[in-house]
Amino acid sequence: MFTTFISMLKNKEIRNRILFTLAMLFIFRFGAAITVPGVNTAELLSGANDNSLIAMMNLLGGGGLEQLSIFALGVGPYITASIIIQLLSMDVIPALTELSKGGANGRKQLDRYTRYLAVVLSFFQGFTMVYSFSKTYPSMLNTDAVFAQCLYISTLLTAGSLFLLWIGDRISMKGIGNGVSIIIMAGIVSRLPHQFTTAYQTLVGSLDSSAMFGGLLNFGLFIFCYVLILIFVVFMQLAERKIPIQYTSSTVQTRKNDMTYLPLKINSASVIPVIFASAVMVAPLQIARFFFEEGSDVLLTMTRFMGLTTPESLVIYVILILLFTFFYTKLQVDPEKIAENLGKSGSYIPGVRPGSETKEYITKVLNRITVLGAIGLAFIAVLPHALPLFTSLPQSMGLGGTGVIIVVGVAMETVKQLEGQLTQKSYRGFISR
């Protein structure tokens, strides 16, 4: 591993890409510390420790939401817009379906529509968020013109979100990895020191000397659980079901070590179901705060079932994650297309007839492994919200399993891309000799 890392630094092009990515991430973190003008974030900071919704929305913003920075929305609106466009392209809107099948030009047009929708979602999310915060924390805005101030702040938040998207594009072109994913990962990683510091102050810092030993044990248990979650997430990302593939042109018996496999990941949907389920839970509450006062029966009822702070809301959250995991897996992995491609390449699954039987077999295997992936994903996602219900941990200090999934997935893909570029350079160097 260290040899590979040293080889990357020795390669001039890869080293320049790494330095460019770090420079873009510095701009991102610098902007995340700039609070929008005319806002008093003291109440918002205190509320972020006990509000599960703020904690979830703060995840993708890299901590910018709790201080309402210009990058508070992060790239979340673009992710939501891309999911919506992708869903509408699945034979829902014929024009978008044609574009999705139109090659590079069609994908370019779809990306343009995604960015237009991201602008609308950014402004809508920013306005509803700031307006609901102004009603929850009345002294947050230092003005009597609340509506005009909300419009002004939401415009700044929209511009900040789109600027982050531009930074992500530059990273994808001139840096390493997927730029949007790198930005999300950087925001989550930047929150880790604060998370562990808060855990130490809560479990150890406020105790007297007689209870210090017990507090240190609890903090050690917190670290141990975090490491276990990290190992579990890595296992989920790497776990896959390998279906053996045989070629009709093969005239000799293939050895087991040389067997070709069709890999099906246990968690094909990655973290997208968690993000989508969170959006479904958060959006109705944000909209409801437009029409109802804080403490009203309607808001109390909605908070009970959508606030991610009660057992009822967590059960609904788990059900949504399970449903979205199966749904998004079906979008990512098409058994019919896999069976068709196997037939075109002259290959088959031993013991299974080509065509419809191959499709049914792949569908059955995919459904079985997706059950495990969905349960594991739901467990990791619900853990940071469930722990505060049974322990003294605040919501902002919960074990961020969702963030770990994102960080591990992005880190693994980035390392693979870097190794691929390094291998490509090695081949070029060999050929030029």
# chains A, B, ... in the order shown; residues from 1 in each chain; ligands from 1
>>> residues_around(residues="stretch 346-361 of chain A", least_positions_apart="6", cutoff="9 Å", atoms="only C-alpha atoms", output="list in words")
Ile243, Pro244, Ile245, Gln246, Tyr247, Thr248, Ser249, Asp334, Pro335, Glu336, Lys337, Ile338, Ala339 and Glu340 of chain A
>>> select_by_dssp(residues="stretch 221-321 of chain A", states="helix (DSSP H, G or I)", output="VMD selection string")
chain A and resid 221 to 238 256 to 258 272 to 291 297 to 306 311 to 321
>>> residues_around(residues="A:Tyr200", least_positions_apart="4", cutoff="10 Å", atoms="only C-alpha atoms", output="PyMOL selection string")
chain A and resi 194-196+204-206+215-216+218-220+222
>>> residues_around(residues="stretch 182-184 of chain A", least_positions_apart="3", cutoff="10 Å", atoms="only C-alpha atoms", output="number ranges by chain")
A: 21, 24-25, 28-29, 59-62, 74-76, 164-165, 167-168, 171-172, 176-179, 187-189, 403, 406-407, 410-411, 414
>>> write_last_selection(atoms="N, CA, C and O atoms", output="compact mmCIF listing (two decimals), in the first residue's frame")
# COMPACT_ATOMS: atom_id res chain seq x y z
N THR A 21 -6.85 18.64 -6.35
CA THR A 21 -8.01 18.23 -5.55
C THR A 21 -7.94 18.81 -4.15
O THR A 21 -8.93 19.31 -3.62
N MET A 24 -8.91 22.50 -4.23
CA MET A 24 -10.36 22.69 -4.34
C MET A 24 -11.06 22.38 -3.01
O MET A 24 -12.02 23.07 -2.63
N LEU A 25 -10.58 21.37 -2.30
CA LEU A 25 -11.17 21.04 -1.00
C LEU A 25 -10.89 22.13 0.03
O LEU A 25 -11.71 22.37 0.92
N PHE A 28 -13.45 24.69 -0.51
CA PHE A 28 -14.71 24.20 0.05
C PHE A 28 -14.77 24.39 1.55
O PHE A 28 -15.76 24.90 2.09
N ARG A 29 -13.71 24.02 2.26
CA ARG A 29 -13.72 24.15 3.72
C ARG A 29 -13.65 25.62 4.14
O ARG A 29 -14.21 26.00 5.18
N LEU A 59 -25.26 16.55 7.67
CA LEU A 59 -24.29 15.55 7.24
C LEU A 59 -23.75 15.85 5.86
O LEU A 59 -22.53 15.91 5.65
N LEU A 60 -24.64 16.07 4.88
CA LEU A 60 -24.20 16.31 3.51
C LEU A 60 -23.62 17.70 3.33
O LEU A 60 -22.93 17.96 2.34
N GLY A 61 -23.90 18.61 4.26
CA GLY A 61 -23.36 19.96 4.17
C GLY A 61 -22.01 20.12 4.82
O GLY A 61 -21.48 21.23 4.86
N GLY A 62 -21.46 19.03 5.37
CA GLY A 62 -20.14 19.10 5.98
C GLY A 62 -20.08 19.99 7.20
O GLY A 62 -19.06 20.61 7.49
N GLY A 74 -24.75 22.21 0.71
CA GLY A 74 -23.86 21.23 0.11
C GLY A 74 -24.27 20.92 -1.32
O GLY A 74 -24.79 21.77 -2.05
N VAL A 75 -24.06 19.69 -1.73
CA VAL A 75 -24.49 19.24 -3.06
C VAL A 75 -25.73 18.36 -2.96
O VAL A 75 -26.06 17.65 -3.91
N GLY A 76 -26.40 18.43 -1.82
CA GLY A 76 -27.61 17.63 -1.63
C GLY A 76 -28.70 17.87 -2.66
O GLY A 76 -29.29 16.90 -3.18
N LEU A 164 -20.40 24.93 -5.35
CA LEU A 164 -19.84 23.64 -4.94
C LEU A 164 -19.93 22.62 -6.07
O LEU A 164 -19.01 21.81 -6.27
N LEU A 165 -21.04 22.66 -6.81
CA LEU A 165 -21.19 21.76 -7.95
C LEU A 165 -20.13 22.06 -9.01
O LEU A 165 -19.58 21.12 -9.62
N ILE A 167 -17.15 23.32 -8.37
CA ILE A 167 -15.90 22.78 -7.82
C ILE A 167 -15.83 21.28 -8.06
O ILE A 167 -14.77 20.73 -8.40
N GLY A 168 -16.96 20.59 -7.86
CA GLY A 168 -16.98 19.16 -8.11
C GLY A 168 -16.66 18.81 -9.55
O GLY A 168 -15.95 17.84 -9.83
N ILE A 171 -12.94 19.13 -10.07
CA ILE A 171 -12.22 17.99 -9.49
C ILE A 171 -12.33 16.77 -10.41
O ILE A 171 -11.36 16.04 -10.61
N SER A 172 -13.52 16.54 -10.96
CA SER A 172 -13.71 15.40 -11.86
C SER A 172 -12.84 15.53 -13.11
O SER A 172 -12.34 14.53 -13.63
N ILE A 176 -8.88 14.04 -8.88
CA ILE A 176 -9.02 12.60 -8.74
C ILE A 176 -10.43 12.26 -8.27
O ILE A 176 -11.04 12.99 -7.49
N GLY A 177 -10.96 11.16 -8.78
CA GLY A 177 -12.26 10.68 -8.33
C GLY A 177 -13.41 11.49 -8.88
O GLY A 177 -13.26 12.40 -9.70
N ASN A 178 -14.60 11.15 -8.40
CA ASN A 178 -15.81 11.89 -8.73
C ASN A 178 -15.90 13.12 -7.84
O ASN A 178 -15.91 13.00 -6.61
N GLY A 179 -15.94 14.30 -8.45
CA GLY A 179 -15.85 15.53 -7.69
C GLY A 179 -16.94 15.71 -6.65
O GLY A 179 -16.67 16.09 -5.50
N GLY A 187 -16.63 16.76 3.48
CA GLY A 187 -17.48 17.36 4.50
C GLY A 187 -17.71 16.44 5.68
O GLY A 187 -17.72 16.88 6.84
N ILE A 188 -17.89 15.16 5.41
CA ILE A 188 -18.13 14.20 6.49
C ILE A 188 -16.86 14.00 7.31
O ILE A 188 -16.90 13.97 8.55
N VAL A 189 -15.71 13.84 6.63
CA VAL A 189 -14.45 13.63 7.34
C VAL A 189 -14.11 14.84 8.21
O VAL A 189 -13.58 14.70 9.31
N GLY A 403 -22.68 8.35 7.16
CA GLY A 403 -21.46 9.02 6.72
C GLY A 403 -20.33 8.05 6.47
O GLY A 403 -19.54 8.22 5.53
N ILE A 406 -20.69 6.47 3.04
CA ILE A 406 -20.26 7.38 1.97
C ILE A 406 -18.74 7.47 1.91
O ILE A 406 -18.14 7.36 0.84
N VAL A 407 -18.11 7.66 3.07
CA VAL A 407 -16.65 7.82 3.10
C VAL A 407 -15.96 6.56 2.59
O VAL A 407 -15.04 6.64 1.77
N VAL A 410 -16.61 6.11 -1.32
CA VAL A 410 -15.87 7.08 -2.13
C VAL A 410 -14.37 6.81 -2.05
O VAL A 410 -13.65 6.88 -3.07
N ALA A 411 -13.88 6.51 -0.86
CA ALA A 411 -12.44 6.24 -0.70
C ALA A 411 -12.01 5.03 -1.53
O ALA A 411 -10.96 5.07 -2.20
N THR A 414 -12.04 5.93 -5.25
CA THR A 414 -10.95 6.85 -5.59
C THR A 414 -9.61 6.12 -5.65
O THR A 414 -8.80 6.36 -6.55
>>> closest_atom_pairs(of="stretch 152-253 of chain A", to="stretch 122-138 of chain A", cutoff="9 Å", atoms="only C-alpha atoms", output="JSON lines")
{"residue": "A:Tyr152", "atom": "CA", "partner": "A:Phe127", "partner_atom": "CA", "distance": 8.9}
{"residue": "A:Ile153", "atom": "CA", "partner": "A:Phe127", "partner_atom": "CA", "distance": 7.5}
{"residue": "A:Ser154", "atom": "CA", "partner": "A:Gly126", "partner_atom": "CA", "distance": 4.6}
{"residue": "A:Thr155", "atom": "CA", "partner": "A:Phe123", "partner_atom": "CA", "distance": 6.4}
{"residue": "A:Leu156", "atom": "CA", "partner": "A:Gly126", "partner_atom": "CA", "distance": 8.9}
{"residue": "A:Leu157", "atom": "CA", "partner": "A:Gly126", "partner_atom": "CA", "distance": 6.2}
{"residue": "A:Thr158", "atom": "CA", "partner": "A:Ser122", "partner_atom": "CA", "distance": 5.1}
{"residue": "A:Ala159", "atom": "CA", "partner": "A:Ser122", "partner_atom": "CA", "distance": 8.6}
{"residue": "A:Ser161", "atom": "CA", "partner": "A:Ser122", "partner_atom": "CA", "distance": 7.2}
{"residue": "A:Leu162", "atom": "CA", "partner": "A:Ser122", "partner_atom": "CA", "distance": 8.5}
>>> atom_distance(atom1="atom CA of A:Ala277", atom2="atom CA of A:His385")
13.8 Å
>>> atom_distance(atom1="atom CA of A:Arg115", atom2="atom CA of A:Ser82")
8.2 Å
>>> closest_residue(among="A:Val36, A:Leu308, A:Ile369, A:Ile83", to="A:Gln67", atoms="only C-alpha atoms")
A:Val36
